[in-house]
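Engineer: Structure: input26.txt, compact mmCIF, C-alpha atoms and all ligand atoms.
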# COMPACT_ATOMS: atom_id res chain seq x y z
CA MET F 119 104.31 67.42 105.57
CA ALA F 120 104.40 63.63 106.10
CA LEU F 121 107.55 61.57 105.55
CA SER F 122 107.08 60.23 102.07
CA VAL F 123 109.68 58.79 99.75
CA PRO F 124 109.50 57.56 96.17
CA GLU F 125 109.26 53.83 95.63
CA GLY F 126 112.67 52.22 95.52
CA TYR F 127 114.41 54.93 97.56
CA ARG F 128 116.67 53.37 100.22
CA PRO F 129 118.60 55.34 102.80
CA LEU F 130 122.20 54.17 102.62
CA GLN F 131 123.86 52.72 105.68
CA LYS F 132 127.43 51.96 106.53
CA GLN F 133 126.73 48.26 105.83
CA SER F 134 124.91 48.77 102.52
CA LEU F 135 127.36 51.27 101.02
CA PRO F 136 129.93 48.75 99.69
CA ASP F 137 127.19 46.99 97.70
CA TYR F 138 125.95 50.30 96.35
CA LEU F 139 129.43 51.37 95.28
CA SER F 140 130.26 47.96 93.77
CA SER F 141 127.25 48.30 91.52
CA HIS F 142 128.80 51.42 89.94
CA PRO F 143 132.00 50.25 88.21
CA HIS F 144 133.55 53.72 87.79
CA LEU F 145 133.24 54.30 91.55
CA ALA F 146 134.52 50.84 92.43
CA LYS F 147 137.49 51.48 90.16
CA GLN F 148 138.20 54.77 91.88
CA LEU F 149 138.39 52.93 95.23
CA GLY F 150 140.40 49.98 93.91
CA GLY F 151 140.38 46.41 95.26
CA GLY F 152 136.98 44.94 96.15
CA ALA F 153 134.18 45.78 98.55
CA THR F 154 135.84 43.88 101.40
CA ASP F 155 138.91 46.12 101.12
CA TRP F 156 136.90 49.30 101.65
CA HIS F 157 136.64 51.16 104.92
CA THR F 158 133.53 53.29 105.51
CA GLN F 159 133.20 56.17 107.95
CA GLU F 160 130.07 58.19 108.68
CA VAL F 161 131.05 61.86 108.87
CA SER F 162 127.63 63.59 108.85
CA ASP F 163 128.63 66.92 110.29
CA GLY F 164 126.26 69.46 108.73
CA ASN F 165 122.71 69.91 109.97
CA VAL F 166 120.84 68.54 107.01
CA ASN F 167 122.24 65.45 105.19
CA GLN F 168 124.03 62.21 105.84
CA VAL F 169 127.59 61.88 104.56
CA PHE F 170 130.02 58.95 104.38
CA LEU F 171 133.64 58.69 103.39
CA VAL F 172 134.74 55.44 101.82
CA HIS F 173 138.43 54.59 101.56
CA GLY F 174 139.85 51.92 99.27
CA PRO F 175 143.37 50.82 98.31
CA ALA F 176 143.43 53.15 95.27
CA GLY F 177 141.46 56.14 96.50
CA SER F 178 138.54 57.54 98.50
CA VAL F 179 135.11 58.97 97.74
CA CYS F 180 132.56 61.04 99.63
CA VAL F 181 128.95 59.82 99.48
CA LYS F 182 126.16 62.21 100.35
CA GLN F 183 122.47 61.32 100.42
CA SER F 184 119.32 63.30 101.14
CA LEU F 185 117.21 61.87 103.94
CA PRO F 186 113.49 62.67 103.98
CA TYR F 187 114.01 64.81 107.09
CA VAL F 188 116.46 67.30 108.63
CA ARG F 189 119.26 65.17 110.09
CA LEU F 190 119.92 67.51 113.03
CA VAL F 191 116.35 67.28 114.27
CA GLY F 192 115.15 63.90 112.99
CA GLU F 193 111.94 62.59 111.48
CA SER F 194 109.81 65.20 113.23
CA TRP F 195 111.10 67.72 110.66
CA PRO F 196 110.33 66.27 107.21
CA LEU F 197 112.22 67.69 104.25
CA THR F 198 112.02 67.03 100.51
CA LEU F 199 114.71 64.81 99.01
CA GLU F 200 115.23 66.99 95.91
CA ARG F 201 117.82 69.17 97.63
CA ILE F 202 120.58 66.85 96.42
CA HIS F 203 119.62 67.62 92.79
CA PHE F 204 120.01 71.35 93.39
CA GLU F 205 123.33 70.75 95.09
CA HIS F 206 124.39 68.77 92.01
CA GLN F 207 123.30 71.54 89.62
CA ALA F 208 125.01 74.22 91.70
CA LEU F 209 128.23 72.19 91.90
CA LEU F 210 128.26 71.91 88.12
CA GLU F 211 127.49 75.57 87.53
CA HIS F 212 129.88 76.97 90.14
CA GLY F 213 132.46 74.38 89.13
CA ARG F 214 132.42 75.87 85.63
CA HIS F 215 132.76 79.42 86.96
CA VAL F 216 135.39 78.73 89.62
CA PRO F 217 137.24 75.56 88.65
CA GLY F 218 139.00 73.94 91.58
CA ARG F 219 137.07 75.68 94.36
CA VAL F 220 134.30 73.07 94.67
CA PRO F 221 134.64 69.30 94.93
CA GLN F 222 134.47 67.31 91.73
CA VAL F 223 131.23 65.40 91.12
CA LEU F 224 131.91 61.68 90.48
CA HIS F 225 128.34 60.44 90.33
CA HIS F 226 124.75 61.65 90.68
CA ASP F 227 122.02 59.11 91.35
CA ALA F 228 118.68 60.85 90.79
CA ARG F 229 116.62 57.88 92.05
CA GLN F 230 118.52 57.34 95.30
CA TYR F 231 119.12 61.09 95.88
CA VAL F 232 122.84 60.40 96.14
CA LEU F 233 125.86 62.45 95.14
CA VAL F 234 129.31 60.91 95.10
CA LEU F 235 132.01 63.53 95.32
CA GLU F 236 135.75 63.75 95.35
CA CYS F 237 136.92 63.04 98.92
CA LEU F 238 138.71 66.14 100.13
CA THR F 239 141.75 65.09 102.05
CA PRO F 240 143.57 66.22 104.19
CA HIS F 241 141.07 69.09 104.29
CA ILE F 242 139.14 69.96 107.43
CA ILE F 243 136.06 72.11 108.01
CA LEU F 244 137.20 75.74 108.18
CA ARG F 245 135.08 76.46 111.26
CA LYS F 246 136.91 73.73 113.19
CA GLY F 247 140.29 75.09 112.17
CA MET F 248 139.30 78.65 113.02
CA THR F 249 137.87 77.62 116.38
CA ALA F 250 141.24 76.05 117.17
CA GLY F 251 143.02 79.24 116.09
CA VAL F 252 144.64 78.00 112.87
CA CYS F 253 145.56 80.60 110.20
CA TYR F 254 144.97 79.88 106.50
CA PRO F 255 147.17 82.25 104.52
CA ARG F 256 145.45 81.65 101.17
CA LEU F 257 141.88 81.76 102.46
CA ALA F 258 141.02 85.42 101.80
CA GLY F 259 142.27 85.28 98.20
CA HIS F 260 140.49 82.02 97.48
CA LEU F 261 137.19 83.22 98.95
CA ALA F 262 137.41 86.56 97.15
CA ASP F 263 137.93 84.76 93.86
CA TYR F 264 135.18 82.22 94.56
CA LEU F 265 132.67 84.97 95.38
CA ALA F 266 133.62 87.19 92.46
CA ARG F 267 133.50 84.46 89.83
CA SER F 268 130.53 82.45 91.08
CA LEU F 269 128.37 85.57 91.50
CA PHE F 270 129.51 87.52 88.44
CA PHE F 271 129.26 84.69 85.90
CA SER F 272 125.77 83.67 87.04
CA SER F 273 124.40 87.23 86.93
CA ASP F 274 122.76 89.42 84.30
CA LEU F 275 126.09 91.23 84.01
CA ALA F 276 127.49 88.16 82.24
CA LEU F 277 124.45 86.25 80.90
CA THR F 278 121.75 86.96 78.37
CA ALA F 279 118.35 87.52 79.93
CA ALA F 280 116.97 84.35 78.34
CA GLU F 281 119.78 82.15 79.68
CA LYS F 282 119.58 83.74 83.10
CA ARG F 283 115.78 83.17 83.27
CA ARG F 284 116.24 79.53 82.28
CA ARG F 285 118.63 79.03 85.18
CA VAL F 286 116.44 80.95 87.61
CA ALA F 287 113.54 78.68 86.65
CA THR F 288 115.56 75.54 87.45
CA PHE F 289 116.60 76.71 90.89
CA SER F 290 113.34 78.36 91.86
CA ALA F 291 112.03 74.86 92.60
CA ASN F 292 114.43 74.63 95.57
CA SER F 293 111.78 76.29 97.68
CA ALA F 294 111.76 73.85 100.63
CA MET F 295 115.38 74.81 101.34
CA CYS F 296 114.74 78.51 100.79
CA GLN F 297 111.91 78.35 103.26
CA ILE F 298 114.27 77.06 105.95
CA MET F 299 116.35 80.21 105.49
CA GLU F 300 113.30 82.48 105.28
CA ASP F 301 112.12 81.14 108.63
CA MET F 302 115.40 80.63 110.45
CA VAL F 303 117.31 83.73 109.37
CA PHE F 304 114.65 86.41 108.97
CA THR F 305 111.69 85.40 111.11
CA GLU F 306 112.24 83.04 114.04
CA PRO F 307 115.00 84.97 115.86
CA TYR F 308 112.58 87.92 116.13
CA GLN F 309 109.72 86.01 117.75
CA LEU F 310 109.17 83.50 120.52
CA HIS F 311 109.61 80.26 118.62
CA PRO F 312 109.97 76.71 119.98
CA ARG F 313 113.05 76.13 117.81
CA ASN F 314 114.96 79.11 119.22
CA ARG F 315 117.63 78.77 121.89
CA TRP F 316 120.22 81.06 123.42
CA THR F 317 122.60 81.19 126.36
CA SER F 318 120.11 81.46 129.19
CA PRO F 319 119.59 83.16 131.57
CA GLN F 320 122.50 85.43 130.54
CA LEU F 321 120.94 86.53 127.25
CA ASP F 322 117.24 86.34 128.19
CA GLY F 323 116.96 90.13 128.38
CA LEU F 324 118.75 90.67 125.07
CA ALA F 325 116.57 88.05 123.34
CA ALA F 326 113.47 89.89 124.57
CA GLU F 327 114.89 93.25 123.40
CA VAL F 328 115.41 91.79 119.93
CA ARG F 329 111.84 90.50 119.83
CA GLU F 330 110.50 93.89 120.86
CA ASP F 331 112.65 96.05 118.59
CA VAL F 332 110.34 97.09 115.78
CA ASP F 333 113.12 98.79 113.78
CA LEU F 334 115.10 95.57 113.86
CA LYS F 335 112.09 93.53 112.81
CA LEU F 336 111.47 95.93 109.94
CA ALA F 337 115.11 95.73 108.85
CA ALA F 338 115.03 91.91 108.97
CA SER F 339 111.77 91.87 107.01
CA ARG F 340 113.18 94.24 104.40
CA LEU F 341 116.04 91.79 103.92
CA LYS F 342 113.67 88.85 103.80
CA HIS F 343 111.88 90.63 100.96
CA GLN F 344 115.20 90.94 99.13
CA TYR F 345 115.88 87.24 99.69
CA LEU F 346 112.44 86.41 98.31
CA THR F 347 112.55 88.66 95.27
CA ARG F 348 116.10 89.40 94.08
CA ALA F 349 117.16 86.66 91.65
CA GLU F 350 120.54 88.30 91.15
CA ALA F 351 122.97 85.39 90.85
CA LEU F 352 123.34 81.70 91.67
CA ILE F 353 124.21 81.91 95.34
CA HIS F 354 125.48 79.09 97.53
CA GLY F 355 122.78 80.00 100.00
CA ASP F 356 124.48 78.80 103.21
CA LEU F 357 128.02 80.07 102.91
CA HIS F 358 129.23 79.87 106.49
CA THR F 359 132.58 78.57 107.67
CA GLY F 360 131.06 75.09 108.14
CA SER F 361 130.47 74.96 104.37
CA ILE F 362 134.15 75.39 103.54
CA MET F 363 136.97 72.85 103.71
CA VAL F 364 140.58 73.92 103.89
CA THR F 365 144.22 73.04 104.04
CA GLN F 366 147.07 75.53 104.20
CA GLU F 367 147.12 75.45 100.39
CA ASP F 368 143.57 74.80 99.30
CA THR F 369 140.00 76.03 99.90
CA ARG F 370 136.84 74.23 98.75
CA VAL F 371 133.23 75.25 99.07
CA ILE F 372 130.85 72.38 99.88
CA ASP F 373 127.19 71.78 100.80
CA GLN F 374 125.36 73.64 98.03
CA GLU F 375 121.91 72.25 98.93
CA PHE F 376 120.52 75.73 99.68
CA ALA F 377 121.58 77.11 96.27
CA PHE F 378 119.19 79.27 94.25
CA TYR F 379 119.17 82.54 92.33
CA GLY F 380 119.10 85.09 95.12
CA PRO F 381 120.78 88.27 96.33
CA MET F 382 124.58 88.31 96.07
CA GLY F 383 124.81 89.97 99.48
CA PHE F 384 123.39 86.85 101.13
CA ASP F 385 126.57 84.90 100.30
CA VAL F 386 129.02 87.75 100.84
CA GLY F 387 127.31 88.66 104.12
CA ALA F 388 127.31 85.04 105.34
CA LEU F 389 131.09 84.90 105.10
CA MET F 390 131.48 88.30 106.75
CA ALA F 391 129.18 87.26 109.62
CA ASN F 392 130.97 84.00 110.23
CA LEU F 393 134.40 85.63 110.28
CA LEU F 394 133.11 88.24 112.73
CA ILE F 395 131.52 85.58 114.94
CA ASN F 396 134.81 83.74 115.00
CA TYR F 397 136.62 86.97 115.82
CA PHE F 398 134.45 87.64 118.88
CA SER F 399 134.50 83.99 119.95
CA GLN F 400 138.28 84.16 120.30
CA GLU F 401 137.75 86.27 123.42
CA GLY F 402 136.26 83.14 124.95
CA HIS F 403 139.08 80.85 123.83
CA THR F 404 142.01 83.01 124.82
CA THR F 405 144.07 82.13 127.89
CA ASP F 406 147.12 83.77 129.41
CA ALA F 407 149.17 80.80 128.23
CA ALA F 408 147.73 80.90 124.72
CA PRO F 409 146.58 84.41 123.87
CA ARG F 410 144.46 84.69 120.75
CA ALA F 411 145.08 88.39 119.95
CA PRO F 412 147.39 87.62 117.00
CA TYR F 413 144.80 85.22 115.68
CA GLN F 414 142.06 87.82 115.99
CA ALA F 415 144.22 90.22 113.97
CA TRP F 416 144.48 87.57 111.26
CA VAL F 417 140.70 87.03 111.23
CA LEU F 418 139.99 90.73 110.67
CA GLU F 419 142.73 90.99 108.08
CA THR F 420 141.11 88.03 106.30
CA LEU F 421 137.76 89.82 106.33
CA GLU F 422 139.31 93.00 104.92
CA ASP F 423 141.31 91.15 102.27
CA MET F 424 138.36 89.01 101.29
CA TRP F 425 136.14 92.03 100.67
CA SER F 426 138.80 94.08 98.87
CA GLY F 427 139.87 91.07 96.76
CA PHE F 428 136.23 90.40 95.91
CA HIS F 429 135.60 94.07 95.09
CA ASP F 430 138.59 94.37 92.77
CA GLY F 431 138.07 90.92 91.24
CA PHE F 432 134.39 91.56 90.54
CA LEU F 433 135.17 94.95 88.95
CA ALA F 434 137.83 93.39 86.76
CA LEU F 435 135.44 90.63 85.63
CA TRP F 436 132.77 93.20 84.86
CA GLU F 437 135.19 95.27 82.80
CA ALA F 438 136.51 92.25 80.90
CA HIS F 439 133.37 90.09 80.55
CA GLY F 440 130.40 92.44 81.06
CA ARG F 441 128.56 91.13 78.02
CA GLY F 442 125.27 90.26 79.72
CA ASP F 443 121.99 91.99 78.97
CA ALA F 444 122.25 94.38 81.90
CA TYR F 445 124.24 97.55 81.10
CA PRO F 446 124.28 97.00 77.29
CA SER F 447 127.71 97.90 75.94
CA ALA F 448 126.07 99.57 72.88
CA LEU F 449 124.97 102.37 75.20
CA PHE F 450 128.46 103.23 76.45
CA THR F 451 130.69 103.90 73.49
CA SER F 452 132.32 107.31 73.97
CA PRO F 453 135.18 107.83 76.45
CA ALA F 454 132.82 109.93 78.62
CA ASP F 455 130.20 107.15 78.60
CA ARG F 456 132.82 104.63 79.60
CA ARG F 457 134.05 106.81 82.44
CA ALA F 458 130.47 107.17 83.66
CA LEU F 459 130.05 103.39 83.47
CA THR F 460 133.20 102.87 85.50
CA GLU F 461 131.80 105.20 88.18
CA GLU F 462 128.49 103.35 88.08
CA ARG F 463 130.24 100.04 88.68
CA ARG F 464 131.97 101.48 91.76
CA ARG F 465 128.67 102.81 93.12
CA TRP F 466 127.08 99.43 92.46
CA LEU F 467 129.74 97.68 94.53
CA GLN F 468 129.31 100.25 97.28
CA GLY F 469 125.63 99.28 97.34
CA LEU F 470 126.57 95.60 97.48
CA LEU F 471 128.81 96.29 100.49
CA SER F 472 125.83 97.77 102.36
CA GLU F 473 123.54 94.91 101.40
CA SER F 474 126.14 92.34 102.40
CA LEU F 475 126.67 94.00 105.77
CA ALA F 476 122.93 94.02 106.45
CA PHE F 477 122.74 90.29 105.65
CA ALA F 478 125.82 89.75 107.81
CA GLY F 479 124.01 91.43 110.71
CA ALA F 480 120.98 89.17 110.29
CA LYS F 481 123.22 86.13 110.14
CA MET F 482 125.03 87.07 113.32
CA LEU F 483 121.77 87.45 115.22
CA ARG F 484 120.33 84.15 113.98
CA ARG F 485 123.39 82.27 115.24
CA ILE F 486 122.85 83.64 118.75
CA PHE F 487 119.04 83.44 119.08
CA GLY F 488 117.88 80.86 116.49
CA LEU F 489 118.16 77.07 116.35
CA ALA F 490 121.49 76.65 114.53
CA HIS F 491 124.48 77.92 116.49
CA ASN F 492 128.19 78.04 115.68
CA LEU F 493 130.88 75.79 117.10
CA ASP F 494 133.10 78.88 117.51
CA LEU F 495 130.81 80.11 120.32
CA GLU F 496 129.27 76.81 121.41
CA SER F 497 132.67 75.41 122.31
CA ILE F 498 133.19 78.12 124.96
CA ALA F 499 132.25 76.03 127.98
CA ALA F 500 131.77 78.81 130.57
CA PRO F 501 128.31 80.32 129.91
CA ASP F 502 129.18 83.79 131.27
CA ARG F 503 132.21 83.98 129.07
CA ARG F 504 130.30 82.72 126.06
CA ALA F 505 127.49 85.18 126.70
CA GLY F 506 130.01 88.05 126.75
CA CYS F 507 131.23 87.11 123.27
CA GLU F 508 127.68 86.64 122.06
CA ARG F 509 126.68 90.09 123.33
CA ALA F 510 129.42 91.62 121.19
CA CYS F 511 128.13 89.65 118.16
CA VAL F 512 124.63 90.93 118.84
CA GLU F 513 125.77 94.51 119.25
CA LEU F 514 127.64 94.56 115.96
CA GLY F 515 125.05 92.42 114.18
CA ARG F 516 122.27 94.76 115.25
CA ALA F 517 124.21 97.84 114.06
CA LEU F 518 124.98 96.22 110.69
CA LEU F 519 121.37 95.24 110.20
CA LEU F 520 119.97 98.63 111.18
CA THR F 521 122.49 101.00 109.62
CA PRO F 522 124.60 99.15 107.05
CA GLY F 523 125.15 102.31 104.99
CA ARG F 524 127.17 103.85 107.81
CA TYR F 525 130.08 101.57 106.99
CA ARG F 526 131.52 103.04 103.82
CA ALA F 527 134.55 100.75 103.87
CA ILE F 528 135.14 97.29 105.31
CA THR F 529 137.75 98.83 107.61
CA ASP F 530 134.93 100.84 109.25
CA VAL F 531 133.47 97.48 110.31
CA THR F 532 136.74 96.00 111.52
CA THR F 533 137.45 99.17 113.53
CA VAL F 534 134.14 98.82 115.36
CA ALA F 535 134.76 95.10 115.89
CA ARG F 536 138.17 95.83 117.45
CA ASP F 537 136.59 98.38 119.74
CA LEU F 538 133.89 96.02 120.91
CA ALA F 539 136.41 93.27 121.59
CA GLU F 540 138.53 95.72 123.57
CA HIS F 541 135.54 96.37 125.84
CA LEU F 542 135.09 92.65 126.40
CA ARG F 543 138.62 92.15 127.63
CA PRO F 544 138.60 93.66 131.14
CA LYS F 545 135.35 91.82 131.90
CA ARG F 546 136.93 88.56 130.87
CA ARG F 547 139.96 89.08 133.08
CA GLY F 548 137.72 90.14 135.98
C1 LIG J 1 117.74 72.70 110.30
S1 LIG J 1 119.21 73.43 110.58
C2 LIG J 1 119.36 74.34 109.16
C3 LIG J 1 120.41 75.32 109.25
O1 LIG J 1 121.64 74.67 109.15
C4 LIG J 1 122.25 75.02 107.96
O2 LIG J 1 123.62 75.04 108.01
C5 LIG J 1 121.65 76.32 107.58
O3 LIG J 1 122.35 77.41 108.07
C6 LIG J 1 120.29 76.23 108.10
O4 LIG J 1 119.66 77.43 108.41
MG MG J 2 125.49 72.76 105.48
Can you present the structure in this file as structure tokens?

Structural biologist:
Amino acid sequence: MALSVPEGYRPLQKQSLPDYLSSHPHLAKQLGGGATDWHTQEVSDGNVNQVFLVHGPAGSVCVKQSLPYVRLVGESWPLTLERIHFEHQALLEHGRHVPGRVPQVLHHDARQYVLVLECLTPHIILRKGMTAGVCYPRLAGHLADYLARSLFFSSDLALTAAEKRRRVATFSANSAMCQIMEDMVFTEPYQLHPRNRWTSPQLDGLAAEVREDVDLKLAASRLKHQYLTRAEALIHGDLHTGSIMVTQEDTRVIDQEFAFYGPMGFDVGALMANLLINYFSQEGHTTDAAPRAPYQAWVLETLEDMWSGFHDGFLALWEAHGRGDAYPSALFTSPADRRALTEERRRWLQGLLSESLAFAGAKMLRRIFGLAHNLDLESIAAPDRRAGCERACVELGRALLLTPGRYRAITDVTTVARDLAEHLRPKRRG
């Protein structure tokens, strides 16, 4: 694909932003004063887009623009500009389902592929906070609620089939972004690919084992098929801890450019994977002076609380608002029918746990062997120490991907994680 942009499209720069904002009176008003009073900061932090914060005497805004390529890699990796439109649509839809958990949209410029959003302050990226060992007491509850509401209200459990199909049709055009995930999550980590990287030479053997493990490749391909075919709900599509901003009081989900109607487990599993990666990475950050064991306990507790809060919240939504075309209420009228339906809902969530764990496994492996790695692990400077943590991620990730049904409860996963971390400890001290 060549770099091509529509006529009139101009990538914004620090210098051109004040002019752009001045030409939109409602944004200029939000900032207050005039263009010369505004201070602009480039804060592009994700892998894909460019992002600026602009501060004025009355307020601040966040300006995000699609570039015709992947920012992390540059012009050698062209990418369609339309991703910002899908992010806009997803922000509106999820914003309706989970008010207050996504940033407010202030402006969408379809011709310049720009979104202007509420500037989240004093929020920071969750992954940065978690790498530094900061606890967020409200995180599990907020994430559980976000997952339950965003997934339930965009599914066939809540919508009519016609409405659901209309929405699926809109988002199915986000295929350039979906293809990034199809390649980077389910395919590249299992083959020799020029984009892949890992801690070498420490993990060379493990990377080769992964490439040669046919059961693992089948399990990853099975999941890829689910990702390709299961239009279950409007998912965020890249729900890692770098797509979440936090304070002690607040949690916001950002960066919806990968959104589409896909399997619910892809979002739930992404969060599980990223919490588990952080958990294992703490073994690399701990020192005698600043032990991270209490923090690790908090991370696993957050994972358990997030899943159980999601489980209970989703069930409650289904009971109260299950008026979609799936499971027609006309079929379940007697007390016995209703009891059977309640049982069915529990089984359904048990199935979702397994699917989420399998996706979590795939997401753990891609962060060790694929292109895009996590700060949690990357910030461990000593390669041997980092490789030890990564091995634990691979061991658990592989087990989740191969045998997700073995974990009947989330505590079965956290028990195994604790065990694996315990085995890492003597090696670290030695
Ligand atoms: C080109 S890098 C793309 C990756 O970064 C994003 O955060 C997604 O995880 C994606 O796979
Ligand atoms: Mg992102």

Engineer: My list of candidates is F:Gly251, F:Pro124, F:Pro307, F:Pro240. Which is closest to ligand LIG 1 (chain J) when distances are computed with all atoms listed in the file?

Structural biologist: F:Pro307

Engineer: Kindly indicate which residue among F:Asn492, F:Ser474, F:Gln344, F:Gln131 lies nearest to F:Tyr525, using all atoms listed in the file for the distances.

Structural biologist: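 Selected residue with least distance to F:Tyr525: F:Ser474.
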
Engineer: Closest to F:Phe289 among F:Arg329, F:Thr305, F:Arg201, F:Leu233, using all atoms listed in the file?

Structural biologist: F:Arg201

Engineer: Mind running stretch 209-266 of chain F against stretch 165-173 of chain F at 10 Å and telling me each contacting residue's nearest atom pair with the distance in Å (one decimal), counting all atoms listed in the file, chain and number ascending, as JSON lines?

Structural biologist:
{"residue": "F:Val232", "atom": "CA", "partner": "F:Val169", "partner_atom": "CA", "distance": 9.8}
{"residue": "F:Leu233", "atom": "CA", "partner": "F:Val169", "partner_atom": "CA", "distance": 9.6}
{"residue": "F:Val234", "atom": "CA", "partner": "F:Phe170", "partner_atom": "CA", "distance": 9.5}
{"residue": "F:Leu235", "atom": "CA", "partner": "F:Leu171", "partner_atom": "CA", "distance": 9.6}
{"residue": "F:Glu236", "atom": "CA", "partner": "F:Leu171", "partner_atom": "CA", "distance": 9.7}
{"residue": "F:Cys237", "atom": "CA", "partner": "F:Leu171", "partner_atom": "CA", "distance": 7.0}
{"residue": "F:Leu238", "atom": "CA", "partner": "F:Leu171", "partner_atom": "CA", "distance": 9.6}

Engineer: Just write the chosen residues, C-alpha atoms, as a PDB file, keeping the file's coordinate frame.

Structural biologist:
ATOM      1  CA  VAL F 232     122.840  60.400  96.140  1.00  0.00           C
ATOM      2  CA  LEU F 233     125.860  62.450  95.140  1.00  0.00           C
ATOM      3  CA  VAL F 234     129.310  60.910  95.100  1.00  0.00           C
ATOM      4  CA  LEU F 235     132.010  63.530  95.320  1.00  0.00           C
ATOM      5  CA  GLU F 236     135.750  63.750  95.350  1.00  0.00           C
ATOM      6  CA  CYS F 237     136.920  63.040  98.920  1.00  0.00           C
ATOM      7  CA  LEU F 238     138.710  66.140 100.130  1.00  0.00           C
TER       8      LEU F 238
END

Engineer: How many Å lie between atom CA of F:Ala388 and atom CA of F:Pro409, rounded to one decimal?

Structural biologist: 26.7 Å

Engineer: What are the closest atom pairs, with distances in Å to one decimal, for all residues of chain F lying within 9 Å of ligand MG 2 (chain J)? Consider only C-alpha atoms and all ligand atoms, order rows by chain and residue number, and present the result as a tab-separated table.

Structural biologist:
residue	atom	partner	partner_atom	distance
F:Asp163	CA	J:MG2	MG	8.2
F:Gly164	CA	J:MG2	MG	4.7
F:Asn165	CA	J:MG2	MG	6.0
F:Val166	CA	J:MG2	MG	6.5
F:Asn167	CA	J:MG2	MG	8.0
F:Asp356	CA	J:MG2	MG	6.5
F:Leu357	CA	J:MG2	MG	8.2
F:His358	CA	J:MG2	MG	8.1
F:Gly360	CA	J:MG2	MG	6.6
F:Ser361	CA	J:MG2	MG	5.6
F:Ile372	CA	J:MG2	MG	7.8
F:Asp373	CA	J:MG2	MG	5.1
F:Gln374	CA	J:MG2	MG	7.5
F:Glu375	CA	J:MG2	MG	7.5
F:Phe376	CA	J:MG2	MG	8.2

Engineer: Next, write the just-selected residues to a file, as an mmCIF file, in the coordinates of the input, keeping C-alpha atoms as the atom set.

Structural biologist:
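What follows is the written file out.cif:
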data_model
loop_
_atom_site.group_PDB
_atom_site.id
_atom_site.type_symbol
_atom_site.label_atom_id
_atom_site.label_comp_id
_atom_site.auth_asym_id
_atom_site.auth_seq_id
_atom_site.Cartn_x
_atom_site.Cartn_y
_atom_site.Cartn_z
ATOM 1 C CA ASP F 163 128.630 66.920 110.290
ATOM 2 C CA GLY F 164 126.260 69.460 108.730
ATOM 3 C CA ASN F 165 122.710 69.910 109.970
ATOM 4 C CA VAL F 166 120.840 68.540 107.010
ATOM 5 C CA ASN F 167 122.240 65.450 105.190
ATOM 6 C CA ASP F 356 124.480 78.800 103.210
ATOM 7 C CA LEU F 357 128.020 80.070 102.910
ATOM 8 C CA HIS F 358 129.230 79.870 106.490
ATOM 9 C CA GLY F 360 131.060 75.090 108.140
ATOM 10 C CA SER F 361 130.470 74.960 104.370
ATOM 11 C CA ILE F 372 130.850 72.380 99.880
ATOM 12 C CA ASP F 373 127.190 71.780 100.800
ATOM 13 C CA GLN F 374 125.360 73.640 98.030
ATOM 14 C CA GLU F 375 121.910 72.250 98.930
ATOM 15 C CA PHE F 376 120.520 75.730 99.680
#

Engineer: Contacts of F:Gly259 at 7 Å or less, counting all atoms listed in the file, minus same-chain residues fewer than 4 places along, as a ChimeraX atom specification?

Structural biologist: /F:263,424,427

Engineer: Which one of F:Ala438, F:Leu210, F:Cys253, F:Ala349 sits closest to F:Ala415 if you count all atoms listed in the file?

Structural biologist: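 Of F:Ala438, F:Leu210, F:Cys253, F:Ala349, the one nearest F:Ala415 is F:Cys253, counting all atoms listed in the file.
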
Engineer: Which residue is closest to F:Thr198? Choose from F:Leu257, F:Val181, F:Ala291, F:Ala262 and count only C-alpha atoms.

Structural biologist: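 Nearest to F:Thr198: F:Ala291.
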
Engineer: Each residue of stretch 249-337 of chain F with at least one atom at most 12 Å from stretch 496-504 of chain F should appear once, together with its nearest atom pair and the corresponding distance in Å (one decimal); atoms considered: all atoms listed in the file; ordering: chain, then increasing residue number; output as JSON lines.

Structural biologist:
{"residue": "F:Thr249", "atom": "CA", "partner": "F:Ser497", "partner_atom": "CA", "distance": 8.2}
{"residue": "F:Ala250", "atom": "CA", "partner": "F:Ser497", "partner_atom": "CA", "distance": 10.0}
{"residue": "F:Arg315", "atom": "CA", "partner": "F:Glu496", "partner_atom": "CA", "distance": 11.8}
{"residue": "F:Trp316", "atom": "CA", "partner": "F:Glu496", "partner_atom": "CA", "distance": 10.2}
{"residue": "F:Thr317", "atom": "CA", "partner": "F:Pro501", "partner_atom": "CA", "distance": 6.8}
{"residue": "F:Ser318", "atom": "CA", "partner": "F:Pro501", "partner_atom": "CA", "distance": 8.3}
{"residue": "F:Pro319", "atom": "CA", "partner": "F:Pro501", "partner_atom": "CA", "distance": 9.3}
{"residue": "F:Gln320", "atom": "CA", "partner": "F:Asp502", "partner_atom": "CA", "distance": 6.9}
{"residue": "F:Leu321", "atom": "CA", "partner": "F:Asp502", "partner_atom": "CA", "distance": 9.6}

Engineer: What is the atom CA of F:Arg457-atom CA of F:Glu437 distance in Å, reported with one decimal?

Structural biologist: 11.6 Å

Engineer: With distances taken over all atoms listed in the file, which of F:Ser178, F:Ser268, F:Asn396, F:Thr359 is nearest to F:Gly431?

Structural biologist: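 Result for the nearest residue to F:Gly431: F:Ser268.
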
Engineer: Residues within 12 Å of F:Thr369, please, as a PyMOL selection string. Count all atoms listed in the file; anything in the same chain fewer than 6 positions from it doesn't count.

Structural biologist: chain F and resi 216-221+238-244+254-264+359+361-363

Engineer: Using all atoms of ligand LIG 1 (chain J) listed in the file and a margin of 5 Å per side, can you give the axis-aligned box centre and edge lengths in Å to one decimal, as JSON?

Structural biologist:
{"center_x": 120.7, "center_y": 75.1, "center_z": 109.1, "size_x": 15.9, "size_y": 14.7, "size_z": 13.0}
